[in-house]
Amino acid sequence: MSNIKDKVILITGASSGIGEATARFLAEKGAHVVLGARRTERLEALAEEIQQSGGVAEYQSLDVTRLEQMQSIVDFTLSKFKRVDVIVNNAGVMPLSKLESLKIDEWNQMIDVNIRGVLHGIAAVLPVMKEQGSGQIINLASIGAYSVTPTAAVYCATKYAVRAITEGLRQEVGNDIRVNLLSPGVTESELADHISDVEAKQFMVDYRRNAIPAKTIAGAIAYAIDQPDYVDVNEMIIRPTTKV
Ligand code: NDP
């Protein structure tokens, strides 16, 4: 029996890449998905596509760096479906550059989206899930949470942080609420499109050559949700066989 069907699943960063693929995949499995991101025209198109295929999808504009917007999308989810069974804290940015380039605004953006965004997601759903007596929090880290690559010091630092936060959360609430860390290697998405540093962008062209489809990561997220309630898939690392 499916442990995905009819679950209410909130996905941050659902307007492209892994979040979009995850929304589509989980909706196909019968989940009620709530999509959040800043590009609402994309969310609207995706929600329509899911609905036209017989699925259930809602969306609301979300900037994960704003706690009140995260709380608002959780309230919106509750108003539509009365529960939040799962949050996928997926939204992330990766404007890579060497530290010596001093792209301080981009460092702060990574800290705000990749760390604060995840913490805001946790803060917004935790009281709801505690009240429900059940729930699941899935955080997207990266292979960059395990080792540091050139130009990725700050990005990797944010992902090491997500890994630490996720493990700490699991230790605290793991009896009632399942907590999962999902760490992709290079995966097809728009993640590298926003790199402003010319050298780092060029390096990524070759580095990302063998990217796996975003649907692969969606499948792994679905696997973690689909386990029986007494099983917690603590951590998954999924990368192309070409190593990165
Ligand atoms: P994409 O760039 O395709 O997607 C990133 C998503 O995050 C978009 O939907 C974007 O939506 C959203 N986002 C960015 N900033 C914000 C914000 N402030 N508030 C709300 N949403 C935001 O990349 P991926 O799909 O690859 O990224 C998904 C996750 O996977 C990230 O956490 C990334 O670090 C991680 N990851 C990806 C890997 C890869 O190779 N693709 C490898 C390892 C980890 P919008 O701009 O509309 O707000």
# chains A, B, ... in the order shown; residues from 1 in each chain; ligands from 1
call {"tool": "residues_near_ligand", "arguments": {"ligand": "ligand 1", "cutoff": "7 Å", "atoms": "only C-alpha atoms and all ligand atoms", "output": "number ranges by chain"}}
result
A: 12-19, 36-40, 62-65, 90-94, 113-114, 140-144, 183-192, 211
call {"tool": "select_by_dssp", "arguments": {"residues": "stretch 96-176 of chain A", "states": "alpha helix (DSSP H)", "output": "ChimeraX atom specification"}}
result
/A:104-110,117-132,153-173
call {"tool": "atom_distance", "arguments": {"atom1": "atom CA of A:Val128", "atom2": "atom CA of A:Ile87"}}
result
11.3 Å
call {"tool": "residues_around", "arguments": {"residues": "A:Leu67", "least_positions_apart": "3", "cutoff": "9 Å", "atoms": "only C-alpha atoms", "output": "JSON, numbers by chain"}}
result
{"A": [63, 64, 70, 71, 72, 116, 117, 119, 120, 121, 123, 124]}
call {"tool": "closest_residue", "arguments": {"among": "A:Ile137, A:Glu172, A:Lys201, A:Pro95", "to": "A:Val154", "atoms": "only C-alpha atoms"}}
result
A:Pro95
call {"tool": "select_by_dssp", "arguments": {"residues": "stretch 17-225 of chain A", "states": "strand (DSSP E)", "output": "ChimeraX atom specification"}}
result
/A:32-37,56-61,86-89,135-140,177-184
call {"tool": "write_last_selection", "arguments": {"atoms": "N, CA and C atoms", "output": "PDB file, in the first residue's frame"}}
result
ATOM      1  N   HIS A  32      -1.201  15.247  -2.421  1.00  0.00           N
ATOM      2  CA  HIS A  32      -1.733  16.589  -2.639  1.00  0.00           C
ATOM      3  C   HIS A  32      -0.559  17.540  -2.457  1.00  0.00           C
ATOM      4  N   VAL A  33      -0.105  18.145  -3.529  1.00  0.00           N
ATOM      5  CA  VAL A  33       1.109  18.942  -3.430  1.00  0.00           C
ATOM      6  C   VAL A  33       0.808  20.439  -3.355  1.00  0.00           C
ATOM      7  N   VAL A  34       1.598  21.114  -2.541  1.00  0.00           N
ATOM      8  CA  VAL A  34       1.517  22.577  -2.443  1.00  0.00           C
ATOM      9  C   VAL A  34       2.878  23.111  -2.872  1.00  0.00           C
ATOM     10  N   LEU A  35       2.857  23.977  -3.889  1.00  0.00           N
ATOM     11  CA  LEU A  35       4.086  24.434  -4.532  1.00  0.00           C
ATOM     12  C   LEU A  35       4.425  25.846  -4.073  1.00  0.00           C
ATOM     13  N   GLY A  36       5.673  26.051  -3.680  1.00  0.00           N
ATOM     14  CA  GLY A  36       6.128  27.388  -3.305  1.00  0.00           C
ATOM     15  C   GLY A  36       7.395  27.768  -4.040  1.00  0.00           C
ATOM     16  N   ALA A  37       7.489  29.016  -4.466  1.00  0.00           N
ATOM     17  CA  ALA A  37       8.692  29.600  -5.079  1.00  0.00           C
ATOM     18  C   ALA A  37       8.341  31.049  -5.401  1.00  0.00           C
ATOM     19  N   VAL A  56      -3.782  16.643  -7.620  1.00  0.00           N
ATOM     20  CA  VAL A  56      -4.206  17.739  -6.739  1.00  0.00           C
ATOM     21  C   VAL A  56      -2.999  18.630  -6.448  1.00  0.00           C
ATOM     22  N   ALA A  57      -3.084  19.895  -6.829  1.00  0.00           N
ATOM     23  CA  ALA A  57      -1.968  20.822  -6.616  1.00  0.00           C
ATOM     24  C   ALA A  57      -2.476  22.229  -6.349  1.00  0.00           C
ATOM     25  N   GLU A  58      -1.831  22.886  -5.407  1.00  0.00           N
ATOM     26  CA  GLU A  58      -2.098  24.296  -5.121  1.00  0.00           C
ATOM     27  C   GLU A  58      -0.740  24.995  -5.110  1.00  0.00           C
ATOM     28  N   TYR A  59      -0.751  26.309  -5.212  1.00  0.00           N
ATOM     29  CA  TYR A  59       0.529  27.013  -5.146  1.00  0.00           C
ATOM     30  C   TYR A  59       0.356  28.364  -4.465  1.00  0.00           C
ATOM     31  N   GLN A  60       1.448  28.854  -3.931  1.00  0.00           N
ATOM     32  CA  GLN A  60       1.465  30.208  -3.373  1.00  0.00           C
ATOM     33  C   GLN A  60       2.881  30.759  -3.500  1.00  0.00           C
ATOM     34  N   SER A  61       2.961  32.043  -3.766  1.00  0.00           N
ATOM     35  CA  SER A  61       4.258  32.711  -3.857  1.00  0.00           C
ATOM     36  C   SER A  61       5.027  32.545  -2.541  1.00  0.00           C
ATOM     37  N   VAL A  86       4.157  16.411   4.962  1.00  0.00           N
ATOM     38  CA  VAL A  86       5.577  16.428   4.576  1.00  0.00           C
ATOM     39  C   VAL A  86       5.943  17.823   4.096  1.00  0.00           C
ATOM     40  N   ILE A  87       7.125  18.280   4.472  1.00  0.00           N
ATOM     41  CA  ILE A  87       7.710  19.453   3.793  1.00  0.00           C
ATOM     42  C   ILE A  87       9.005  19.007   3.136  1.00  0.00           C
ATOM     43  N   VAL A  88       9.191  19.407   1.883  1.00  0.00           N
ATOM     44  CA  VAL A  88      10.462  19.179   1.196  1.00  0.00           C
ATOM     45  C   VAL A  88      11.151  20.543   1.110  1.00  0.00           C
ATOM     46  N   ASN A  89      12.134  20.740   1.972  1.00  0.00           N
ATOM     47  CA  ASN A  89      12.898  21.995   1.976  1.00  0.00           C
ATOM     48  C   ASN A  89      13.951  21.910   0.874  1.00  0.00           C
ATOM     49  N   GLY A 135       4.633  13.602  11.031  1.00  0.00           N
ATOM     50  CA  GLY A 135       5.055  14.474   9.944  1.00  0.00           C
ATOM     51  C   GLY A 135       6.397  14.013   9.407  1.00  0.00           C
ATOM     52  N   GLN A 136       6.852  14.690   8.384  1.00  0.00           N
ATOM     53  CA  GLN A 136       8.131  14.316   7.774  1.00  0.00           C
ATOM     54  C   GLN A 136       8.782  15.567   7.191  1.00  0.00           C
ATOM     55  N   ILE A 137      10.049  15.756   7.518  1.00  0.00           N
ATOM     56  CA  ILE A 137      10.798  16.926   7.045  1.00  0.00           C
ATOM     57  C   ILE A 137      11.976  16.421   6.217  1.00  0.00           C
ATOM     58  N   ILE A 138      11.964  16.775   4.933  1.00  0.00           N
ATOM     59  CA  ILE A 138      13.005  16.298   4.018  1.00  0.00           C
ATOM     60  C   ILE A 138      13.826  17.503   3.571  1.00  0.00           C
ATOM     61  N   ASN A 139      15.102  17.505   3.889  1.00  0.00           N
ATOM     62  CA  ASN A 139      15.962  18.624   3.531  1.00  0.00           C
ATOM     63  C   ASN A 139      16.927  18.231   2.422  1.00  0.00           C
ATOM     64  N   LEU A 140      17.056  19.130   1.438  1.00  0.00           N
ATOM     65  CA  LEU A 140      17.983  18.900   0.340  1.00  0.00           C
ATOM     66  C   LEU A 140      19.340  19.478   0.697  1.00  0.00           C
ATOM     67  N   ILE A 177       8.388  12.416  14.231  1.00  0.00           N
ATOM     68  CA  ILE A 177       8.496  13.092  12.939  1.00  0.00           C
ATOM     69  C   ILE A 177       9.707  12.533  12.205  1.00  0.00           C
ATOM     70  N   ARG A 178       9.483  12.051  10.997  1.00  0.00           N
ATOM     71  CA  ARG A 178      10.607  11.503  10.230  1.00  0.00           C
ATOM     72  C   ARG A 178      11.419  12.659   9.633  1.00  0.00           C
ATOM     73  N   VAL A 179      12.721  12.516   9.654  1.00  0.00           N
ATOM     74  CA  VAL A 179      13.625  13.584   9.193  1.00  0.00           C
ATOM     75  C   VAL A 179      14.641  12.972   8.231  1.00  0.00           C
ATOM     76  N   ASN A 180      14.697  13.521   7.023  1.00  0.00           N
ATOM     77  CA  ASN A 180      15.556  12.921   5.999  1.00  0.00           C
ATOM     78  C   ASN A 180      16.478  13.950   5.347  1.00  0.00           C
ATOM     79  N   LEU A 181      17.674  13.513   5.070  1.00  0.00           N
ATOM     80  CA  LEU A 181      18.622  14.336   4.314  1.00  0.00           C
ATOM     81  C   LEU A 181      18.827  13.692   2.947  1.00  0.00           C
ATOM     82  N   LEU A 182      18.625  14.487   1.923  1.00  0.00           N
ATOM     83  CA  LEU A 182      18.774  14.002   0.559  1.00  0.00           C
ATOM     84  C   LEU A 182      19.903  14.781  -0.104  1.00  0.00           C
ATOM     85  N   SER A 183      20.941  14.109  -0.517  1.00  0.00           N
ATOM     86  CA  SER A 183      22.113  14.803  -1.069  1.00  0.00           C
ATOM     87  C   SER A 183      22.379  14.378  -2.506  1.00  0.00           C
ATOM     88  N   PRO A 184      21.953  15.203  -3.460  1.00  0.00           N
ATOM     89  CA  PRO A 184      22.219  14.870  -4.864  1.00  0.00           C
ATOM     90  C   PRO A 184      23.637  15.227  -5.279  1.00  0.00           C
TER      91      PRO A 184
END
call {"tool": "residues_around", "arguments": {"residues": "A:Lys5", "least_positions_apart": "5", "cutoff": "12 Å", "atoms": "only C-alpha atoms", "output": "PyMOL selection string"}}
result
chain A and resi 25-33+55-56+85+222+225-226
